Structures are given as C-alpha cells and as structure tokens.
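Undergrad: One file is attached below, structure-v6.cif, containing mmCIF, C-alpha atoms.
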data_work
#
loop_
_atom_site.group_PDB
_atom_site.id
_atom_site.type_symbol
_atom_site.label_atom_id
_atom_site.label_comp_id
_atom_site.auth_asym_id
_atom_site.auth_seq_id
_atom_site.Cartn_x
_atom_site.Cartn_y
_atom_site.Cartn_z
ATOM 1 C CA GLY W 347 8.227 -17.194 7.507
ATOM 2 C CA ALA W 348 5.354 -15.842 9.564
ATOM 3 C CA GLY W 349 5.401 -12.443 7.902
ATOM 4 C CA VAL W 350 7.059 -10.413 5.174
ATOM 5 C CA SER W 351 10.622 -9.618 6.184
ATOM 6 C CA GLN W 352 12.589 -6.687 4.776
ATOM 7 C CA SER W 353 16.212 -5.749 5.285
ATOM 8 C CA PRO W 354 17.834 -3.512 6.149
ATOM 9 C CA SER W 355 15.248 -1.597 8.152
ATOM 10 C CA ASN W 356 17.220 1.603 7.704
ATOM 11 C CA LYS W 357 19.853 2.542 5.141
ATOM 12 C CA VAL W 358 21.797 5.771 4.835
ATOM 13 C CA THR W 359 23.857 6.067 1.684
ATOM 14 C CA GLU W 360 25.833 8.710 -0.136
ATOM 15 C CA LYS W 361 24.517 10.177 -3.352
ATOM 16 C CA GLY W 362 25.830 8.217 -6.322
ATOM 17 C CA LYS W 363 26.217 4.911 -4.496
ATOM 18 C CA ASP W 364 24.246 1.757 -5.346
ATOM 19 C CA VAL W 365 21.930 0.127 -2.786
ATOM 20 C CA GLU W 366 20.205 -3.243 -2.551
ATOM 21 C CA LEU W 367 17.024 -3.764 -0.583
ATOM 22 C CA ARG W 368 15.813 -7.249 0.263
ATOM 23 C CA CYS W 369 12.348 -8.717 0.700
ATOM 24 C CA ASP W 370 11.560 -12.189 2.006
ATOM 25 C CA PRO W 371 7.844 -12.838 1.380
ATOM 26 C CA ILE W 372 5.504 -15.167 3.242
ATOM 27 C CA SER W 373 6.312 -18.744 2.308
ATOM 28 C CA GLY W 374 4.115 -19.957 -0.546
ATOM 29 C CA HIS W 375 2.932 -16.519 -1.620
ATOM 30 C CA THR W 376 3.131 -16.297 -5.397
ATOM 31 C CA ALA W 377 2.696 -12.536 -5.773
ATOM 32 C CA LEU W 378 5.247 -9.954 -4.595
ATOM 33 C CA TYR W 379 5.043 -6.185 -4.863
ATOM 34 C CA TRP W 380 7.388 -3.273 -4.271
ATOM 35 C CA TYR W 381 6.019 0.152 -3.357
ATOM 36 C CA ARG W 382 7.668 3.433 -2.412
ATOM 37 C CA GLN W 383 6.270 5.866 0.143
ATOM 38 C CA SER W 384 7.638 9.354 0.518
ATOM 39 C CA LEU W 385 6.992 11.279 3.729
ATOM 40 C CA GLY W 386 3.293 12.012 4.163
ATOM 41 C CA GLN W 387 2.433 10.516 0.774
ATOM 42 C CA GLY W 388 0.547 7.486 -0.470
ATOM 43 C CA LEU W 389 2.101 4.326 -1.834
ATOM 44 C CA GLU W 390 3.678 4.541 -5.283
ATOM 45 C CA PHE W 391 3.669 1.239 -7.204
ATOM 46 C CA LEU W 392 7.098 0.167 -8.453
ATOM 47 C CA ILE W 393 7.059 -3.467 -9.631
ATOM 48 C CA TYR W 394 4.925 -6.611 -9.348
ATOM 49 C CA PHE W 395 5.969 -10.275 -9.627
ATOM 50 C CA GLN W 396 3.320 -12.985 -10.123
ATOM 51 C CA GLY W 397 4.523 -16.578 -10.202
ATOM 52 C CA ASN W 398 6.624 -17.326 -13.269
ATOM 53 C CA SER W 399 5.108 -14.545 -15.372
ATOM 54 C CA ALA W 400 7.174 -11.635 -16.625
ATOM 55 C CA PRO W 401 7.158 -8.914 -13.940
ATOM 56 C CA ASP W 402 5.107 -5.745 -14.338
ATOM 57 C CA LYS W 403 7.812 -3.071 -14.229
ATOM 58 C CA SER W 404 5.548 -0.209 -15.279
ATOM 59 C CA GLY W 405 6.044 1.711 -12.011
ATOM 60 C CA LEU W 406 9.841 1.843 -11.963
ATOM 61 C CA PRO W 407 10.683 5.577 -12.079
ATOM 62 C CA SER W 408 13.923 5.286 -14.066
ATOM 63 C CA ASP W 409 16.421 2.790 -15.459
ATOM 64 C CA ARG W 410 18.434 3.197 -12.255
ATOM 65 C CA PHE W 411 15.828 0.970 -10.583
ATOM 66 C CA SER W 412 15.686 -2.789 -11.115
ATOM 67 C CA ALA W 413 14.351 -5.782 -9.231
ATOM 68 C CA GLU W 414 14.753 -9.522 -9.281
ATOM 69 C CA ARG W 415 12.914 -12.383 -7.686
ATOM 70 C CA THR W 416 15.005 -15.514 -7.382
ATOM 71 C CA GLY W 417 13.398 -18.934 -7.200
ATOM 72 C CA GLY W 418 9.961 -17.426 -6.831
ATOM 73 C CA SER W 419 10.774 -16.327 -3.286
ATOM 74 C CA VAL W 420 13.242 -13.656 -2.150
ATOM 75 C CA SER W 421 13.288 -10.366 -4.075
ATOM 76 C CA THR W 422 15.973 -7.703 -4.315
ATOM 77 C CA LEU W 423 15.316 -4.107 -5.363
ATOM 78 C CA THR W 424 18.471 -2.375 -6.635
ATOM 79 C CA ILE W 425 18.868 1.366 -7.012
ATOM 80 C CA GLN W 426 21.973 2.450 -8.901
ATOM 81 C CA ARG W 427 23.631 5.836 -8.610
ATOM 82 C CA THR W 428 21.230 6.935 -5.861
ATOM 83 C CA GLN W 429 19.848 10.475 -5.856
ATOM 84 C CA GLN W 430 18.396 12.489 -2.976
ATOM 85 C CA GLU W 431 14.912 12.169 -4.440
ATOM 86 C CA ASP W 432 15.192 8.389 -3.959
ATOM 87 C CA SER W 433 14.910 8.929 -0.186
ATOM 88 C CA ALA W 434 11.709 7.198 0.922
ATOM 89 C CA VAL W 435 10.393 4.113 2.652
ATOM 90 C CA TYR W 436 10.436 1.118 0.329
ATOM 91 C CA LEU W 437 7.689 -1.365 1.157
ATOM 92 C CA CYS W 438 7.366 -4.936 -0.012
ATOM 93 C CA ALA W 439 4.100 -6.904 0.088
ATOM 94 C CA SER W 440 3.157 -10.461 -0.775
ATOM 95 C CA SER W 441 -0.095 -12.214 -1.536
ATOM 96 C CA GLY W 442 -1.194 -15.823 -1.702
ATOM 97 C CA GLY W 443 -3.825 -15.074 -4.309
ATOM 98 C CA LEU W 444 -6.904 -14.914 -2.048
ATOM 99 C CA ALA W 445 -7.880 -11.273 -2.383
ATOM 100 C CA ASN W 446 -10.148 -11.224 0.636
ATOM 101 C CA TYR W 447 -7.085 -11.695 2.851
ATOM 102 C CA GLY W 448 -5.399 -8.645 1.386
ATOM 103 C CA TYR W 449 -1.733 -8.200 0.730
ATOM 104 C CA THR W 450 0.648 -8.453 3.675
ATOM 105 C CA PHE W 451 3.239 -5.693 3.933
ATOM 106 C CA GLY W 452 6.685 -5.829 5.429
ATOM 107 C CA SER W 453 7.902 -3.110 7.790
ATOM 108 C CA GLY W 454 9.806 -1.421 5.003
ATOM 109 C CA THR W 455 13.313 -0.092 4.433
ATOM 110 C CA ARG W 456 13.800 3.595 5.183
ATOM 111 C CA LEU W 457 16.333 4.838 2.641
ATOM 112 C CA THR W 458 18.070 8.166 3.168
ATOM 113 C CA VAL W 459 20.379 9.489 0.463
ATOM 114 C CA VAL W 460 22.740 12.190 1.742
ATOM 115 C CA GLY B 1421 -5.721 6.757 -16.594
ATOM 116 C CA GLN B 1422 -5.719 5.199 -13.146
ATOM 117 C CA ASN B 1423 -6.683 7.423 -10.258
ATOM 118 C CA ILE B 1424 -7.744 7.055 -6.639
ATOM 119 C CA ASP B 1425 -9.106 10.081 -4.763
ATOM 120 C CA GLN B 1426 -9.699 10.435 -1.043
ATOM 121 C CA PRO B 1427 -9.674 13.376 1.371
ATOM 122 C CA THR B 1428 -6.298 14.319 2.796
ATOM 123 C CA GLU B 1429 -7.314 14.880 6.398
ATOM 124 C CA MET B 1430 -10.293 14.332 8.691
ATOM 125 C CA THR B 1431 -10.934 15.019 12.351
ATOM 126 C CA ALA B 1432 -13.504 13.300 14.551
ATOM 127 C CA THR B 1433 -14.361 12.942 18.222
ATOM 128 C CA GLU B 1434 -13.834 9.871 20.373
ATOM 129 C CA GLY B 1435 -16.986 7.738 20.423
ATOM 130 C CA ALA B 1436 -18.349 9.231 17.207
ATOM 131 C CA ILE B 1437 -18.772 7.784 13.714
ATOM 132 C CA VAL B 1438 -16.667 8.850 10.727
ATOM 133 C CA GLN B 1439 -16.978 8.017 7.030
ATOM 134 C CA ILE B 1440 -13.957 8.190 4.729
ATOM 135 C CA ASN B 1441 -14.857 8.352 1.040
ATOM 136 C CA CYS B 1442 -12.880 7.114 -1.937
ATOM 137 C CA THR B 1443 -13.486 7.342 -5.672
ATOM 138 C CA TYR B 1444 -11.499 5.309 -8.168
ATOM 139 C CA GLN B 1445 -10.776 4.872 -11.854
ATOM 140 C CA THR B 1446 -8.726 1.874 -12.941
ATOM 141 C CA SER B 1447 -7.998 -0.190 -16.039
ATOM 142 C CA GLY B 1448 -10.260 -3.075 -15.155
ATOM 143 C CA PHE B 1449 -11.327 -3.727 -11.594
ATOM 144 C CA ASN B 1450 -10.637 -6.651 -9.295
ATOM 145 C CA GLY B 1451 -11.664 -5.249 -5.958
ATOM 146 C CA LEU B 1452 -11.309 -2.373 -3.509
ATOM 147 C CA PHE B 1453 -9.124 -2.545 -0.408
ATOM 148 C CA TRP B 1454 -8.810 -0.416 2.700
ATOM 149 C CA TYR B 1455 -5.637 -0.386 4.773
ATOM 150 C CA GLN B 1456 -4.773 1.292 8.072
ATOM 151 C CA GLN B 1457 -1.313 2.747 8.583
ATOM 152 C CA HIS B 1458 -0.037 4.147 11.878
ATOM 153 C CA ALA B 1459 2.848 6.584 11.675
ATOM 154 C CA GLY B 1460 6.134 4.815 11.035
ATOM 155 C CA GLU B 1461 4.498 1.431 10.561
ATOM 156 C CA ALA B 1462 3.536 -0.771 7.616
ATOM 157 C CA PRO B 1463 -0.027 -0.712 6.263
ATOM 158 C CA THR B 1464 -2.326 -3.378 7.687
ATOM 159 C CA PHE B 1465 -5.268 -4.864 5.818
ATOM 160 C CA LEU B 1466 -8.745 -3.797 6.940
ATOM 161 C CA SER B 1467 -11.229 -4.820 4.259
ATOM 162 C CA TYR B 1468 -11.879 -6.019 0.729
ATOM 163 C CA ASN B 1469 -14.957 -5.423 -1.434
ATOM 164 C CA VAL B 1470 -15.507 -6.781 -4.911
ATOM 165 C CA LEU B 1471 -19.325 -6.866 -5.042
ATOM 166 C CA ASP B 1472 -21.647 -3.925 -4.450
ATOM 167 C CA GLY B 1473 -22.791 -3.490 -0.898
ATOM 168 C CA LEU B 1474 -21.663 -3.214 2.672
ATOM 169 C CA GLU B 1475 -19.164 -5.491 4.418
ATOM 170 C CA GLU B 1476 -19.161 -5.227 8.201
ATOM 171 C CA LYS B 1477 -16.285 -6.215 10.481
ATOM 172 C CA GLY B 1478 -16.859 -5.158 14.055
ATOM 173 C CA ARG B 1479 -16.487 -1.380 14.388
ATOM 174 C CA PHE B 1480 -15.338 -1.060 10.771
ATOM 175 C CA SER B 1481 -17.529 -1.370 7.667
ATOM 176 C CA SER B 1482 -16.712 -0.844 4.005
ATOM 177 C CA PHE B 1483 -19.090 -0.084 1.159
ATOM 178 C CA LEU B 1484 -18.662 -0.410 -2.595
ATOM 179 C CA SER B 1485 -20.613 0.853 -5.610
ATOM 180 C CA ARG B 1486 -18.955 -0.406 -8.787
ATOM 181 C CA SER B 1487 -21.224 1.573 -11.090
ATOM 182 C CA LYS B 1488 -20.230 4.806 -9.342
ATOM 183 C CA GLY B 1489 -16.562 3.924 -8.800
ATOM 184 C CA TYR B 1490 -17.096 4.757 -5.143
ATOM 185 C CA SER B 1491 -16.281 3.254 -1.774
ATOM 186 C CA TYR B 1492 -16.344 4.368 1.815
ATOM 187 C CA LEU B 1493 -14.893 3.142 5.086
ATOM 188 C CA LEU B 1494 -17.109 3.654 8.121
ATOM 189 C CA LEU B 1495 -15.576 3.661 11.588
ATOM 190 C CA LYS B 1496 -17.956 3.496 14.562
ATOM 191 C CA GLU B 1497 -17.368 4.133 18.273
ATOM 192 C CA LEU B 1498 -14.106 5.868 17.504
ATOM 193 C CA GLN B 1499 -11.192 5.272 19.829
ATOM 194 C CA MET B 1500 -8.019 7.302 20.204
ATOM 195 C CA LYS B 1501 -6.027 4.400 18.754
ATOM 196 C CA ASP B 1502 -7.965 4.809 15.479
ATOM 197 C CA SER B 1503 -5.872 7.914 14.764
ATOM 198 C CA ALA B 1504 -3.955 6.797 11.669
ATOM 199 C CA SER B 1505 -3.843 7.091 7.901
ATOM 200 C CA TYR B 1506 -6.457 5.137 5.966
ATOM 201 C CA LEU B 1507 -5.432 4.053 2.494
ATOM 202 C CA CYS B 1508 -7.904 3.226 -0.265
ATOM 203 C CA ALA B 1509 -6.557 0.955 -3.011
ATOM 204 C CA ALA B 1510 -8.129 -0.522 -6.138
ATOM 205 C CA SER B 1511 -6.909 -3.673 -7.832
ATOM 206 C CA ASP B 1512 -6.685 -3.330 -11.604
ATOM 207 C CA ASN B 1513 -7.009 -6.017 -14.258
ATOM 208 C CA THR B 1514 -3.403 -7.162 -13.756
ATOM 209 C CA GLY B 1515 -3.885 -7.682 -10.031
ATOM 210 C CA LYS B 1516 -1.727 -4.849 -8.810
ATOM 211 C CA LEU B 1517 -2.981 -2.380 -6.196
ATOM 212 C CA ILE B 1518 -3.224 1.297 -7.045
ATOM 213 C CA PHE B 1519 -3.232 3.376 -3.850
ATOM 214 C CA GLY B 1520 -4.697 6.755 -3.057
ATOM 215 C CA GLN B 1521 -2.728 9.355 -1.101
ATOM 216 C CA GLY B 1522 -4.334 8.269 2.161
ATOM 217 C CA THR B 1523 -6.607 10.056 4.605
ATOM 218 C CA THR B 1524 -5.059 11.093 7.923
ATOM 219 C CA LEU B 1525 -7.686 10.722 10.639
ATOM 220 C CA GLN B 1526 -7.210 12.499 13.930
ATOM 221 C CA VAL B 1527 -9.443 11.377 16.786
ATOM 222 C CA LYS B 1528 -9.834 13.959 19.539
ATOM 223 C CA PRO B 1529 -11.044 13.366 23.094
#
Show me the file's structure as structure tokens.
TA:
Amino acid sequence: GAGVSQSPSNKVTEKGKDVELRCDPISGHTALYWYRQSLGQGLEFLIYFQGNSAPDKSGLPSDRFSAERTGGSVSTLTIQRTQQEDSAVYLCASSGGLANYGYTFGSGTRLTVV
Amino acid sequence: GQNIDQPTEMTATEGAIVQINCTYQTSGFNGLFWYQQHAGEAPTFLSYNVLDGLEEKGRFSSFLSRSKGYSYLLLKELQMKDSASYLCAASDNTGKLIFGQGTTLQVKP
C-alpha cells in the first residue's frame, strides 16, 4: 500500500482480556518495527523484524507480549491478559533499507485498558 | 547502555531560529534521525545524518558529531505550525532506532 496501515485505530478493552493489533507495512519493505508511546513520552522499542532473520524481541516488556510477521508482510502484536499499564499508543513502522529515507510510521493504535 | 538525551520543552518566537540538542550513546552507530510529531499524530521523518557535518533541507538543518555523540536540529524562520514534538533517534548496530523522550517546541506569536 501507499503507507503503513494499522488497525484498529482505537481499542478499548477490559483488564484481563487479550488484544491483537495489526500492522500492514509498505509493500516491499523488509524491516518492520513496533513501538509503544505512553502519553507525553517518547517511543519505547518493542520488537524488530528484518527479512527472514530471527526478530529482535529485546524490547518486549513481559511474556504477555508477542508478535508475529507472516509471509514477510503483515504483523500482529498480541497482548495477553491486558493490564492498565498497557494503555498507550502502539506504533508500527517499516523501512525499505535506505536509511536516508527514514522509517515510515503508521497512525498507531490507541489502546485503553479499563 | 543505550541512552538518548534531549531537552523536554522549548519555547521560541515566530520568525526566530531554534536549536534542539541531542546527545546519544548506543551499542554501535548507524545514523541519527530526527522526527517531527504533532499531537495525536504519527512521527514523520525529518532528517538523517551518518557522517559528521550539517545537512540542510529548507528551513530545517541537522548536524552530527560522531566523536562527541552529539546532534542538533536547527529550525529557521519559525512558523506556528512548527509547534510539535521533535524526536531524536539513533540507529544501533542491529538497525533498530532508539528514541529520546522528545522535545516539545512551542512557537509563540
């Protein structure tokens, strides 16, 4: 597609429920990133996929968080047994490998755990 | 450890020049990025530096000193629409971006 697409744009869920967030990167981009941004804060790295390499999961805050990237394209971030501290905007970005073009971000999913 | 530092807030006047500083420490270094983020929106790419020196793009310029672990973003002829958060990010040796907390710039008339 023309840009990075994320869905849903907003999600309200009850504490303890599982949620799935989806990211559709720019076609042909080999690198895909997930970040989390709490209100008024910077971007916290979560996970990074690069081609067929094993993902860098070093930023996942707990084992309740997992992510997959199927077929080198669409990615799903899953949060199990959500907690109130998981409330944040979850941003996905993709890159075609040319650093001087930067990474393109999606509009994010605003997750609210009540 | 990996760390990016930038001021939390800055205020400047319309038409003026403002410089936003950033210092970084990363495991390896593959470049320094600046992003602009308006409230409620996704970050948008502004600039990329990997070699020492100044890169100019219209009203915005970005500078890098690798030996000092230091960068700045220079905004000239400030406009009200430049009020936003400016995020400094360094790429480490795995290619991932480590972001600072962002600098909120308020442009006043």
Undergrad: Given the PyMOL selection byres ((chain B) within 8 of (chain W)) and the file above, list the residues it selects as a PyMOL selection string.
TA: chain B and resi 1451+1453+1461-1465+1467-1469+1507+1516-1522
Undergrad: Would you please work out which residue, of W:Gln352, W:Asp432, W:Ile372, W:Asn398, is nearest to Gly417 of chain W when using only C-alpha atoms?
TA: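 Once distances to Gly417 of chain W are computed over only C-alpha atoms, the minimum belongs to W:Asn398.
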Undergrad: What is the atom CA of Ser419 of chain W to atom CA of Ser1447 of chain B distance in Å?
TA: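 So the answer is 27.8 Å.
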Undergrad: Expand the PyMOL selection byres ((chain B and resi 1479-1481) around 9) into the explicit residue set it covers here, and present it as a list in words.
TA: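 Applied to this file, the PyMOL selection byres ((chain B and resi 1479-1481) around 9) selects Leu1466, Ser1467, Leu1474, Glu1475, Glu1476, Lys1477, Gly1478, Ser1482, Phe1483, Tyr1492, Leu1493, Leu1494, Leu1495, Lys1496, Glu1497 and Leu1498 of chain B.
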Undergrad: Nearest to Ala434 of chain W: which of W:Arg368, W:Arg382, W:His375, W:Lys361 is it, counting all atoms listed in the file?
TA: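 Residue with the minimum atom-to-atom distance to Ala434 of chain W: W:Arg382.
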Undergrad: Quick check, in Å to one decimal: how far apart do atom CA of Ala413 of chain W and atom CA of Ser1505 of chain B lie?
TA: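 Separating atom CA of Ala413 of chain W from atom CA of Ser1505 of chain B is a distance of 28.1 Å.
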Undergrad: Extract, using all atoms listed in the file, all DNA, RNA and protein residues at most 7 Å from Ser351 of chain W, discarding same-chain residues fewer than 3 positions from it, and format them as a PyMOL selection string.
TA: chain W and resi 369-371+452
Undergrad: In Å, with one decimal, what is the gap from atom CA of Met1430 of chain B to atom CA of Tyr1490 of chain B?
TA: 18.1 Å
Undergrad: Return the single residue from B:Ser1491, B:Asn1441, B:Trp1454, B:Glu1429 that is closest to Ala1509 of chain B, with distances computed using all atoms listed in the file.
TA: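 Result for the nearest residue to Ala1509 of chain B: B:Trp1454.
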Undergrad: Hey, can I get the axis-aligned box for segment 1487-1497 of chain B? All listed atoms, 8 Å padding on each side, centre and edge lengths in Å to one decimal, as AutoDock Vina command-line options.
TA:
--center_x -18.1 --center_y 3.2 --center_z 3.6 --size_x 22.3 --size_y 19.2 --size_z 45.4
